[in-house]
$ cat work-v6.json   # JSON, C-alpha atoms and all ligand atoms
[["chain", "number", "residue", "atom", "x", "y", "z"],
["M", 137, "MET", "CA", 119.03, 96.58, 111.81],
["M", 138, "ASP", "CA", 122.57, 95.85, 110.67],
["M", 139, "THR", "CA", 123.41, 94.99, 114.26],
["M", 140, "LEU", "CA", 121.23, 91.86, 114.26],
["M", 141, "LYS", "CA", 123.50, 88.94, 115.05],
["M", 142, "LEU", "CA", 122.52, 85.42, 116.07],
["M", 143, "ASN", "CA", 124.82, 82.93, 117.76],
["M", 144, "ARG", "CA", 123.02, 79.69, 116.95],
["M", 145, "LEU", "CA", 120.04, 79.01, 114.69],
["M", 146, "ALA", "CA", 118.12, 75.75, 114.22],
["M", 147, "ILE", "CA", 116.01, 75.27, 111.12],
["M", 148, "ILE", "CA", 113.43, 72.57, 111.69],
["M", 149, "GLY", "CA", 112.32, 71.55, 108.18],
["M", 150, "ALA", "CA", 115.04, 72.40, 105.67],
["M", 151, "GLY", "CA", 112.83, 72.86, 102.62],
["M", 152, "LYS", "CA", 112.19, 75.77, 100.24],
["M", 153, "MET", "CA", 111.56, 78.39, 102.92],
["M", 154, "GLY", "CA", 114.43, 77.05, 105.02],
["M", 155, "GLU", "CA", 116.66, 77.54, 101.97],
["M", 156, "THR", "CA", 115.45, 81.10, 101.41],
["M", 157, "LEU", "CA", 115.95, 82.03, 105.05],
["M", 158, "VAL", "CA", 119.34, 80.44, 105.53],
["M", 159, "SER", "CA", 120.78, 82.05, 102.39],
["M", 160, "ALA", "CA", 119.39, 85.49, 103.33],
["M", 161, "LEU", "CA", 120.45, 85.32, 106.98],
["M", 162, "VAL", "CA", 123.93, 84.01, 106.23],
["M", 163, "GLY", "CA", 124.27, 86.32, 103.21],
["M", 164, "SER", "CA", 123.41, 89.42, 105.26],
["M", 165, "GLY", "CA", 125.76, 88.48, 108.10],
["M", 166, "VAL", "CA", 123.03, 87.76, 110.68],
["M", 167, "ILE", "CA", 124.60, 84.37, 111.34],
["M", 168, "GLU", "CA", 127.60, 82.32, 110.24],
["M", 169, "ALA", "CA", 126.75, 79.20, 108.23],
["M", 170, "SER", "CA", 128.76, 77.16, 110.75],
["M", 171, "ASP", "CA", 126.34, 78.29, 113.49],
["M", 172, "VAL", "CA", 123.27, 76.92, 111.68],
["M", 173, "VAL", "CA", 121.87, 73.43, 112.11],
["M", 174, "ALA", "CA", 119.09, 72.17, 109.85],
["M", 175, "THR", "CA", 116.78, 69.16, 110.10],
["M", 176, "GLY", "CA", 114.62, 67.29, 107.61],
["M", 177, "LYS", "CA", 112.79, 64.06, 107.04],
["M", 178, "HIS", "CA", 114.93, 62.48, 104.32],
["M", 179, "GLN", "CA", 118.67, 62.01, 104.82],
["M", 180, "GLU", "CA", 119.63, 62.48, 101.16],
["M", 181, "ARG", "CA", 117.76, 65.78, 100.70],
["M", 182, "LEU", "CA", 119.06, 67.03, 104.03],
["M", 183, "GLU", "CA", 122.67, 66.23, 103.15],
["M", 184, "LYS", "CA", 122.28, 68.15, 99.90],
["M", 185, "PHE", "CA", 120.93, 71.12, 101.88],
["M", 186, "GLY", "CA", 123.93, 70.92, 104.19],
["M", 187, "ARG", "CA", 126.39, 70.82, 101.27],
["M", 188, "ASN", "CA", 124.66, 73.70, 99.45],
["M", 189, "PHE", "CA", 124.72, 76.07, 102.41],
["M", 190, "GLY", "CA", 127.65, 74.78, 104.43],
["M", 191, "VAL", "CA", 125.44, 74.17, 107.48],
["M", 192, "GLU", "CA", 125.34, 71.32, 109.96],
["M", 193, "THR", "CA", 122.48, 68.83, 109.52],
["M", 194, "THR", "CA", 120.76, 66.18, 111.61],
["M", 195, "LEU", "CA", 117.60, 64.10, 111.39],
["M", 196, "ASP", "CA", 117.17, 64.60, 115.13],
["M", 197, "ASN", "CA", 114.96, 67.64, 115.82],
["M", 198, "THR", "CA", 115.52, 67.58, 119.57],
["M", 199, "ALA", "CA", 119.32, 67.50, 119.18],
["M", 200, "ALA", "CA", 119.11, 70.44, 116.76],
["M", 201, "VAL", "CA", 117.32, 72.77, 119.18],
["M", 202, "LEU", "CA", 119.85, 72.25, 121.94],
["M", 203, "ASP", "CA", 121.81, 75.55, 122.36],
["M", 204, "ALA", "CA", 119.86, 77.26, 119.56],
["M", 205, "GLU", "CA", 118.99, 80.88, 120.25],
["M", 206, "VAL", "CA", 116.26, 80.89, 117.61],
["M", 207, "ILE", "CA", 114.39, 77.85, 116.31],
["M", 208, "LEU", "CA", 112.80, 78.38, 112.91],
["M", 209, "LEU", "CA", 109.87, 76.01, 112.40],
["M", 210, "CYS", "CA", 109.55, 75.49, 108.63],
["M", 211, "VAL", "CA", 107.73, 72.15, 108.28],
["M", 212, "LYS", "CA", 104.40, 71.72, 106.44],
["M", 213, "PRO", "CA", 101.21, 72.46, 108.42],
["M", 214, "GLN", "CA", 100.17, 68.79, 108.44],
["M", 215, "VAL", "CA", 103.27, 67.62, 110.33],
["M", 216, "ALA", "CA", 103.77, 70.73, 112.49],
["M", 217, "PRO", "CA", 101.73, 69.61, 115.55],
["M", 218, "SER", "CA", 103.65, 66.34, 115.89],
["M", 219, "VAL", "CA", 107.02, 68.08, 115.40],
["M", 220, "ILE", "CA", 106.15, 70.64, 118.10],
["M", 221, "GLU", "CA", 105.15, 67.83, 120.47],
["M", 222, "GLU", "CA", 108.51, 66.21, 119.75],
["M", 223, "LEU", "CA", 110.23, 69.49, 120.75],
["M", 224, "SER", "CA", 108.15, 69.85, 123.90],
["M", 225, "GLY", "CA", 110.34, 69.61, 126.99],
["M", 226, "HIS", "CA", 113.51, 70.29, 124.95],
["M", 227, "LEU", "CA", 113.17, 74.09, 124.77],
["M", 228, "ASN", "CA", 113.65, 76.80, 127.38],
["M", 229, "GLU", "CA", 112.37, 80.33, 128.02],
["M", 230, "LYS", "CA", 115.61, 81.91, 126.73],
["M", 231, "GLN", "CA", 115.01, 80.50, 123.25],
["M", 232, "VAL", "CA", 112.57, 81.79, 120.64],
["M", 233, "LEU", "CA", 110.45, 79.46, 118.53],
["M", 234, "LEU", "CA", 109.74, 81.28, 115.28],
["M", 235, "SER", "CA", 107.10, 79.53, 113.19],
["M", 236, "ILE", "CA", 106.25, 80.20, 109.55],
["M", 237, "VAL", "CA", 103.69, 77.39, 109.39],
["M", 238, "ALA", "CA", 100.60, 78.68, 107.59],
["M", 239, "GLY", "CA", 97.42, 78.52, 109.65],
["M", 240, "LEU", "CA", 99.15, 77.44, 112.89],
["M", 241, "THR", "CA", 98.37, 79.99, 115.62],
["M", 242, "THR", "CA", 100.72, 80.87, 118.48],
["M", 243, "GLU", "CA", 98.07, 79.50, 120.86],
["M", 244, "MET", "CA", 98.10, 76.12, 119.06],
["M", 245, "ILE", "CA", 101.90, 76.05, 119.19],
["M", 246, "GLU", "CA", 101.91, 76.92, 122.90],
["M", 247, "SER", "CA", 99.34, 74.24, 123.69],
["M", 248, "HIS", "CA", 101.41, 71.56, 121.88],
["M", 249, "LEU", "CA", 104.62, 72.78, 123.53],
["M", 250, "ASN", "CA", 103.23, 72.85, 127.02],
["M", 251, "GLN", "CA", 106.15, 75.09, 128.09],
["M", 252, "GLU", "CA", 106.50, 78.83, 128.69],
["M", 253, "VAL", "CA", 108.62, 79.41, 125.59],
["M", 254, "PRO", "CA", 108.47, 82.68, 123.60],
["M", 255, "VAL", "CA", 106.71, 81.95, 120.31],
["M", 256, "VAL", "CA", 106.80, 84.29, 117.32],
["M", 257, "ARG", "CA", 104.70, 83.66, 114.23],
["M", 258, "ALA", "CA", 105.60, 84.86, 110.75],
["M", 259, "MET", "CA", 103.60, 84.71, 107.55],
["M", 260, "PRO", "CA", 105.96, 85.22, 104.60],
["M", 261, "ASN", "CA", 105.26, 84.68, 100.89],
["M", 262, "THR", "CA", 107.08, 83.10, 97.92],
["M", 263, "PRO", "CA", 108.74, 86.27, 96.51],
["M", 264, "SER", "CA", 110.85, 86.03, 99.69],
["M", 265, "CYS", "CA", 113.16, 83.74, 97.68],
["M", 266, "ILE", "CA", 114.29, 86.74, 95.58],
["M", 267, "GLY", "CA", 114.36, 89.16, 98.51],
["M", 268, "ALA", "CA", 110.98, 90.70, 97.54],
["M", 269, "GLY", "CA", 108.83, 89.02, 100.16],
["M", 270, "MET", "CA", 106.13, 90.43, 102.42],
["M", 271, "THR", "CA", 105.98, 89.04, 105.94],
["M", 272, "ALA", "CA", 103.59, 89.73, 108.81],
["M", 273, "ILE", "CA", 104.88, 89.03, 112.34],
["M", 274, "CYS", "CA", 103.15, 88.57, 115.69],
["M", 275, "GLY", "CA", 104.07, 87.26, 119.12],
["M", 276, "GLY", "CA", 102.49, 84.65, 121.35],
["M", 277, "ARG", "CA", 101.73, 84.69, 125.05],
["M", 278, "TRP", "CA", 105.34, 84.53, 126.29],
["M", 279, "ALA", "CA", 106.91, 86.66, 123.55],
["M", 280, "THR", "CA", 108.08, 90.18, 124.43],
["M", 281, "ALA", "CA", 108.21, 93.14, 122.02],
["M", 282, "ASP", "CA", 111.95, 92.38, 121.62],
["M", 283, "HIS", "CA", 111.22, 88.83, 120.48],
["M", 284, "VAL", "CA", 108.70, 90.12, 117.94],
["M", 285, "GLU", "CA", 111.17, 92.75, 116.73],
["M", 286, "LEU", "CA", 113.84, 90.07, 116.35],
["M", 287, "GLY", "CA", 111.44, 88.17, 114.08],
["M", 288, "ARG", "CA", 110.60, 91.31, 112.11],
["M", 289, "GLU", "CA", 114.28, 92.08, 111.59],
["M", 290, "MET", "CA", 115.04, 88.53, 110.48],
["M", 291, "PHE", "CA", 112.29, 88.63, 107.87],
["M", 292, "SER", "CA", 113.29, 92.10, 106.69],
["M", 293, "ARG", "CA", 116.31, 90.27, 105.18],
["M", 294, "ILE", "CA", 113.99, 88.62, 102.64],
["M", 295, "GLY", "CA", 111.80, 91.64, 101.81],
["M", 296, "ARG", "CA", 109.42, 93.86, 103.77],
["M", 297, "SER", "CA", 108.11, 92.86, 107.18],
["M", 298, "LEU", "CA", 105.57, 94.33, 109.57],
["M", 299, "VAL", "CA", 104.19, 93.58, 113.03],
["M", 300, "LEU", "CA", 100.46, 92.83, 113.10],
["M", 301, "ASP", "CA", 97.87, 91.51, 115.54],
["M", 302, "GLU", "CA", 97.47, 87.76, 115.08],
["M", 303, "LYS", "CA", 93.70, 88.09, 114.57],
["M", 304, "HIS", "CA", 94.52, 89.43, 111.08],
["M", 305, "PHE", "CA", 96.73, 86.51, 109.99],
["M", 306, "ASP", "CA", 94.11, 84.69, 107.94],
["M", 307, "ALA", "CA", 93.52, 87.94, 106.05],
["M", 308, "VAL", "CA", 97.30, 88.27, 105.55],
["M", 309, "THR", "CA", 97.35, 84.76, 104.10],
["M", 310, "GLY", "CA", 94.63, 85.80, 101.65],
["M", 311, "VAL", "CA", 96.27, 89.08, 100.58],
["M", 312, "SER", "CA", 100.04, 88.52, 100.59],
["M", 313, "GLY", "CA", 100.35, 84.74, 101.10],
["M", 314, "SER", "CA", 98.09, 83.68, 98.22],
["M", 315, "GLY", "CA", 98.36, 87.09, 96.52],
["M", 316, "PRO", "CA", 101.36, 86.24, 94.30],
["M", 317, "ALA", "CA", 99.28, 83.51, 92.59],
["M", 318, "PHE", "CA", 96.51, 86.01, 91.91],
["M", 319, "ILE", "CA", 98.98, 88.50, 90.45],
["M", 320, "TYR", "CA", 100.62, 85.79, 88.29],
["M", 321, "MET", "CA", 97.18, 85.17, 86.83],
["M", 322, "VAL", "CA", 96.77, 88.91, 86.19],
["M", 323, "ILE", "CA", 100.21, 89.00, 84.51],
["M", 324, "GLU", "CA", 99.35, 85.98, 82.37],
["M", 325, "ALA", "CA", 96.02, 87.51, 81.33],
["M", 326, "MET", "CA", 97.61, 90.89, 80.54],
["M", 327, "ALA", "CA", 100.23, 89.11, 78.44],
["M", 328, "ASP", "CA", 97.43, 87.23, 76.64],
["M", 329, "GLY", "CA", 95.93, 90.61, 75.81],
["M", 330, "GLY", "CA", 99.25, 91.68, 74.31],
["M", 331, "VAL", "CA", 99.52, 88.43, 72.35],
["M", 332, "LYS", "CA", 96.00, 88.96, 71.03],
["M", 333, "MET", "CA", 97.22, 92.35, 69.77],
["M", 334, "GLY", "CA", 100.18, 90.68, 68.01],
["M", 335, "LEU", "CA", 102.99, 90.97, 70.58],
["M", 336, "PRO", "CA", 105.42, 88.06, 70.93],
["M", 337, "ARG", "CA", 104.60, 86.11, 74.13],
["M", 338, "LYS", "CA", 107.96, 86.83, 75.77],
["M", 339, "VAL", "CA", 107.70, 90.57, 75.15],
["M", 340, "ALA", "CA", 104.08, 90.70, 76.33],
["M", 341, "THR", "CA", 104.96, 88.81, 79.54],
["M", 342, "GLU", "CA", 107.89, 91.10, 80.32],
["M", 343, "LEU", "CA", 105.75, 94.20, 79.72],
["M", 344, "ALA", "CA", 102.99, 92.85, 81.98],
["M", 345, "ALA", "CA", 105.30, 91.64, 84.77],
["M", 346, "GLN", "CA", 107.39, 94.82, 84.95],
["M", 347, "THR", "CA", 104.16, 96.86, 84.88],
["M", 348, "CYS", "CA", 102.81, 94.98, 87.93],
["M", 349, "PHE", "CA", 106.16, 95.34, 89.69],
["M", 350, "GLY", "CA", 106.36, 99.08, 88.90],
["M", 351, "ALA", "CA", 102.76, 99.74, 89.92],
["M", 352, "GLY", "CA", 103.34, 97.98, 93.24],
["M", 353, "GLN", "CA", 106.52, 99.99, 93.84],
["M", 354, "MET", "CA", 104.63, 103.24, 93.07],
["M", 355, "VAL", "CA", 102.02, 102.44, 95.73],
["M", 356, "ILE", "CA", 104.72, 101.66, 98.30],
["M", 357, "GLU", "CA", 107.18, 104.46, 97.51],
["M", 358, "LYS", "CA", 104.68, 107.26, 96.88],
["M", 359, "GLY", "CA", 102.47, 106.13, 99.76],
["M", 360, "ALA", "CA", 99.49, 107.34, 97.73],
["M", 361, "HIS", "CA", 96.06, 105.72, 97.50],
["M", 362, "PRO", "CA", 96.05, 103.39, 94.46],
["M", 363, "ALA", "CA", 92.91, 105.12, 93.15],
["M", 364, "LEU", "CA", 94.81, 108.43, 92.90],
["M", 365, "LEU", "CA", 97.67, 106.75, 91.02],
["M", 366, "LYS", "CA", 95.11, 105.12, 88.72],
["M", 367, "ASP", "CA", 93.54, 108.53, 88.04],
["M", 368, "GLU", "CA", 96.99, 109.88, 87.04],
["M", 369, "VAL", "CA", 97.14, 107.29, 84.24],
["M", 370, "THR", "CA", 93.57, 107.93, 83.14],
["M", 371, "THR", "CA", 93.32, 110.78, 80.60],
["M", 372, "PRO", "CA", 89.77, 112.07, 80.02],
["M", 373, "ALA", "CA", 88.33, 110.35, 76.93],
["M", 374, "GLY", "CA", 91.65, 108.46, 76.60],
["M", 375, "CYS", "CA", 92.34, 104.75, 76.19],
["M", 376, "THR", "CA", 92.82, 103.76, 79.87],
["M", 377, "ILE", "CA", 89.28, 104.73, 80.86],
["M", 378, "ASP", "CA", 87.94, 102.41, 78.14],
["M", 379, "GLY", "CA", 90.05, 99.60, 79.58],
["M", 380, "LEU", "CA", 88.89, 100.37, 83.13],
["M", 381, "LEU", "CA", 85.28, 100.21, 81.96],
["M", 382, "MET", "CA", 85.92, 96.67, 80.67],
["M", 383, "LEU", "CA", 87.50, 95.66, 84.00],
["M", 384, "GLU", "CA", 84.50, 97.01, 85.93],
["M", 385, "GLU", "CA", 82.11, 95.22, 83.59],
["M", 386, "GLY", "CA", 84.08, 91.98, 84.07],
["M", 387, "GLY", "CA", 83.89, 92.34, 87.85],
["M", 388, "LEU", "CA", 87.67, 92.45, 88.48],
["M", 389, "ARG", "CA", 87.38, 94.16, 91.86],
["M", 390, "VAL", "CA", 84.57, 91.98, 93.21],
["M", 391, "THR", "CA", 86.35, 88.85, 91.97],
["M", 392, "LEU", "CA", 89.65, 89.78, 93.63],
["M", 393, "ILE", "CA", 87.92, 90.70, 96.89],
["M", 394, "LYS", "CA", 86.11, 87.35, 96.91],
["M", 395, "ALA", "CA", 89.31, 85.46, 96.03],
["M", 396, "ILE", "CA", 91.14, 86.99, 98.99],
["M", 397, "VAL", "CA", 88.26, 86.40, 101.42],
["M", 398, "GLU", "CA", 88.00, 82.75, 100.30],
["M", 399, "ALA", "CA", 91.77, 82.10, 100.52],
["M", 400, "GLY", "CA", 91.87, 83.72, 103.98],
["M", 401, "ARG", "CA", 88.89, 81.66, 105.16],
["M", 402, "ARG", "CA", 90.60, 78.47, 103.97],
["M", 403, "ALA", "CA", 93.80, 79.44, 105.85],
["M", 404, "GLY", "CA", 91.94, 78.98, 109.12],
["M", 405, "GLU", "CA", 91.23, 75.35, 108.22],
["M", 406, "LEU", "CA", 94.76, 74.21, 107.29],
["M", 407, "VAL", "CA", 95.87, 72.84, 110.63],
["M", 408, "ASP", "CA", 93.98, 70.52, 112.95],
["M", 409, "GLY", "CA", 94.43, 71.81, 116.48],
["M", 501, "LIG", "N1", 106.64, 78.62, 100.58],
["M", 501, "LIG", "C1", 106.16, 79.78, 101.01],
["M", 501, "LIG", "O1", 106.24, 80.83, 100.38],
["M", 501, "LIG", "C2", 105.51, 79.88, 102.35],
["M", 501, "LIG", "C3", 104.89, 81.06, 102.71],
["M", 501, "LIG", "C4", 104.33, 81.14, 103.99],
["M", 501, "LIG", "C5", 104.41, 80.08, 104.84],
["M", 501, "LIG", "N2", 105.01, 78.94, 104.43],
["M", 501, "LIG", "C6", 105.06, 77.81, 105.34],
["M", 501, "LIG", "O2", 106.39, 77.36, 105.39],
["M", 501, "LIG", "C7", 106.40, 75.98, 105.73],
["M", 501, "LIG", "C8", 107.39, 75.27, 104.84],
["M", 501, "LIG", "O3", 107.03, 75.44, 103.49],
["M", 501, "LIG", "P1", 108.04, 75.01, 102.33],
["M", 501, "LIG", "O4", 107.44, 75.50, 101.08],
["M", 501, "LIG", "O5", 109.43, 75.38, 102.69],
["M", 501, "LIG", "O6", 107.86, 73.39, 102.43],
["M", 501, "LIG", "P2", 108.91, 72.24, 102.00],
["M", 501, "LIG", "O7", 109.82, 72.72, 100.94],
["M", 501, "LIG", "O8", 108.10, 71.02, 101.76],
["M", 501, "LIG", "O9", 109.77, 72.04, 103.33],
["M", 501, "LIG", "C9", 109.33, 71.33, 104.43],
["M", 501, "LIG", "C10", 110.53, 70.63, 105.02],
["M", 501, "LIG", "O10", 110.12, 69.96, 106.21],
["M", 501, "LIG", "C11", 110.85, 68.76, 106.30],
["M", 501, "LIG", "N3", 110.20, 67.85, 107.20],
["M", 501, "LIG", "C12", 109.12, 67.05, 107.01],
["M", 501, "LIG", "N4", 108.83, 66.35, 108.12],
["M", 501, "LIG", "C13", 109.76, 66.71, 109.05],
["M", 501, "LIG", "C14", 110.01, 66.33, 110.37],
["M", 501, "LIG", "N5", 109.25, 65.45, 111.02],
["M", 501, "LIG", "N6", 111.07, 66.89, 111.02],
["M", 501, "LIG", "C15", 111.86, 67.80, 110.41],
["M", 501, "LIG", "N7", 111.67, 68.19, 109.14],
["M", 501, "LIG", "C16", 110.64, 67.65, 108.47],
["M", 501, "LIG", "C17", 110.90, 68.26, 104.88],
["M", 501, "LIG", "O11", 111.97, 67.33, 104.76],
["M", 501, "LIG", "P3", 112.12, 66.37, 103.47],
["M", 501, "LIG", "O12", 112.41, 67.29, 102.32],
["M", 501, "LIG", "O13", 113.27, 65.54, 103.82],
["M", 501, "LIG", "O14", 110.83, 65.65, 103.32],
["M", 501, "LIG", "C18", 111.15, 69.56, 104.12],
["M", 501, "LIG", "O15", 112.53, 69.80, 104.02],
["M", 501, "LIG", "C19", 104.96, 75.49, 105.57],
["M", 501, "LIG", "O16", 104.40, 75.30, 106.85],
["M", 501, "LIG", "C20", 104.25, 76.62, 104.88],
["M", 501, "LIG", "O17", 102.92, 76.74, 105.33],
["M", 501, "LIG", "C21", 105.57, 78.80, 103.21]]

$ encode --input "work-v6.json" --output "structure tokens"
Amino acid sequence: MDTLKLNRLAIIGAGKMGETLVSALVGSGVIEASDVVATGKHQERLEKFGRNFGVETTLDNTAAVLDAEVILLCVKPQVAPSVIEELSGHLNEKQVLLSIVAGLTTEMIESHLNQEVPVVRAMPNTPSCIGAGMTAICGGRWATADHVELGREMFSRIGRSLVLDEKHFDAVTGVSGSGPAFIYMVIEAMADGGVKMGLPRKVATELAAQTCFGAGQMVIEKGAHPALLKDEVTTPAGCTIDGLLMLEEGGLRVTLIKAIVEAGRRAGELVDG
């Protein structure tokens, strides 16, 4: 993985995710800042981006993709189709178009491009900005396993990344894309419980947040089913089982399942064609 090295990277849409990716990729030696070119809509914001990361900038998307080995598409879903049409005819089969646009399928990208260009799709999430992201990766019609692996390696610089069939991407959006918001709500509610019991807000929030972080790490590192880990905490006739009973009565599981299904369903509606 440490061997990943890019010669020229274009970031189309230098916003929050563009920032996260450029700092991680430059920081981990995947690319030199001087080999990155970034584009945006507003000159002032773009210039600031360029100054912050020491990268070249231009308002011209088609000029940016010239000579780029990888083109990272990081614009909002609403503008993505028109930006891809703008790029159509300016890419070649040796380049890779790597899109992080939520809801935009590789098939949609390919139909707007109208060229046989390898397309890789990634679905990251917001904790990527602190290197704790979760990204799913898939390839389009012209992408080889190497192209997909290149995408997976790039996103492993901002957290965990895995290759997954594209048919699951709406579900990914529901679980790990929207998931951080659901967990923030859980953290806030757990902290409220602590406050109700007399804890200072700051202490209660830290306890709740670190507990969610630690529980997540346990599931990943131990590789055990979460129910088994839950049972380890649950002493017969102890306090945890009383708490679990309240969660079951309140419908926590059903509510979370429905929240994820609804968010995933909505993901499929984000982009028009
Ligand atoms: N944030 C996440 O955690 C996350 C997770 C998964 C997927 N995504 C996807 O990532 C994409 C970017 O999200 P974000 O949060 O980084 O959004 P953002 O901060 O709003 O960034 C979008 C960027 O696109 C630029 N832009 C707008 N129109 C453009 C055009 N015609 N040509 C070139 N650049 C243009 C904007 O420039 P100006 O600033 O000058 O207007 C802005 O810098 C979205 O498609 C989203 O679905 C984000």

$ residues_near_point --input "work-v6.json" --point "(103.3, 91.8, 117.9)" --cutoff "10 Å" --atoms "all atoms listed in the file" --output "JSON, numbers by chain"
{"M": [256, 257, 272, 273, 274, 275, 276, 279, 280, 281, 282, 283, 284, 285, 287, 288, 298, 299, 300, 301, 302]}

$ atom_distance --input "work-v6.json" --atom1 "atom CA of Leu406 of chain M" --atom2 "atom CA of Lys152 of chain M"
18.9 Å

$ residues_near_ligand --input "work-v6.json" --ligand "ligand LIG 501 (chain M)" --cutoff "8 Å" --atoms "only C-alpha atoms and all ligand atoms" --output "JSON, numbers by chain"
{"M": [148, 149, 150, 151, 152, 153, 154, 155, 175, 176, 177, 178, 179, 180, 181, 182, 195, 196, 197, 209, 210, 211, 212, 213, 214, 215, 216, 218, 219, 236, 237, 238, 239, 258, 259, 260, 261, 262, 263, 264, 265, 309, 313]}

$ closest_atom_pairs --input "work-v6.json" --of "segment 184-259 of chain M" --to "segment 157-171 of chain M" --cutoff "7 Å" --atoms "only C-alpha atoms" --output "tab-separated table"
residue	atom	partner	partner_atom	distance
M:Phe189	CA	M:Ala169	CA	6.9
M:Gly190	CA	M:Ala169	CA	5.9
M:Val191	CA	M:Ala169	CA	5.3
M:Glu192	CA	M:Ser170	CA	6.8

$ residues_around --input "work-v6.json" --residues "Val201 of chain M" --least-positions-apart "4" --cutoff "10 Å" --atoms "only C-alpha atoms" --output "list in words"
Arg144, Leu145, Ala146, Ile147, Ile148, Val173, Ala174, Thr175, Asp196, Asn197, Glu205, Val206, Ile207, Leu208, Leu223, His226, Leu227, Asn228, Gln231 and Leu233 of chain M

$ residues_around --input "work-v6.json" --residues "Phe318 of chain M" --least-positions-apart "2" --cutoff "12 Å" --atoms "only C-alpha atoms" --output "NGL selection string"
:M and (310-316 or 320-325 or 348 or 388 or 391-396 or 399)

$ atom_distance --input "work-v6.json" --atom1 "atom CA of Val390 of chain M" --atom2 "atom CA of Lys366 of chain M"
17.4 Å

$ closest_residue --input "work-v6.json" --among "M:Met333, M:Asn250, M:Thr194, M:Gly400" --to "Gly225 of chain M" --atoms "only C-alpha atoms"
M:Asn250

$ decode --input "work-v6.json" --residues "segment 364-386 of chain M" --atoms "C-alpha atoms" --output "PDB file, in the first residue's frame"
ATOM      1  CA  LEU M 364     -21.726 -11.560  21.880  1.00  0.00           C
ATOM      2  CA  LEU M 365     -19.874  -8.409  22.937  1.00  0.00           C
ATOM      3  CA  LYS M 366     -23.134  -7.049  24.354  1.00  0.00           C
ATOM      4  CA  ASP M 367     -23.613 -10.260  26.349  1.00  0.00           C
ATOM      5  CA  GLU M 368     -20.110  -9.821  27.834  1.00  0.00           C
ATOM      6  CA  VAL M 369     -21.219  -6.498  29.347  1.00  0.00           C
ATOM      7  CA  THR M 370     -24.519  -7.891  30.576  1.00  0.00           C
ATOM      8  CA  THR M 371     -24.225  -9.464  34.055  1.00  0.00           C
ATOM      9  CA  PRO M 372     -27.220 -11.595  35.081  1.00  0.00           C
ATOM     10  CA  ALA M 373     -29.585  -9.469  37.193  1.00  0.00           C
ATOM     11  CA  GLY M 374     -27.135  -6.551  36.758  1.00  0.00           C
ATOM     12  CA  CYS M 375     -27.729  -2.981  35.629  1.00  0.00           C
ATOM     13  CA  THR M 376     -27.047  -3.355  31.868  1.00  0.00           C
ATOM     14  CA  ILE M 377     -29.901  -5.807  31.331  1.00  0.00           C
ATOM     15  CA  ASP M 378     -32.305  -3.268  32.860  1.00  0.00           C
ATOM     16  CA  GLY M 379     -31.012  -0.658  30.422  1.00  0.00           C
ATOM     17  CA  LEU M 380     -31.310  -3.062  27.477  1.00  0.00           C
ATOM     18  CA  LEU M 381     -34.921  -3.759  28.448  1.00  0.00           C
ATOM     19  CA  MET M 382     -35.645  -0.016  28.201  1.00  0.00           C
ATOM     20  CA  LEU M 383     -33.987   0.144  24.758  1.00  0.00           C
ATOM     21  CA  GLU M 384     -36.071  -2.792  23.515  1.00  0.00           C
ATOM     22  CA  GLU M 385     -39.233  -1.227  24.909  1.00  0.00           C
ATOM     23  CA  GLY M 386     -38.355   2.069  23.174  1.00  0.00           C
TER      24      GLY M 386
END
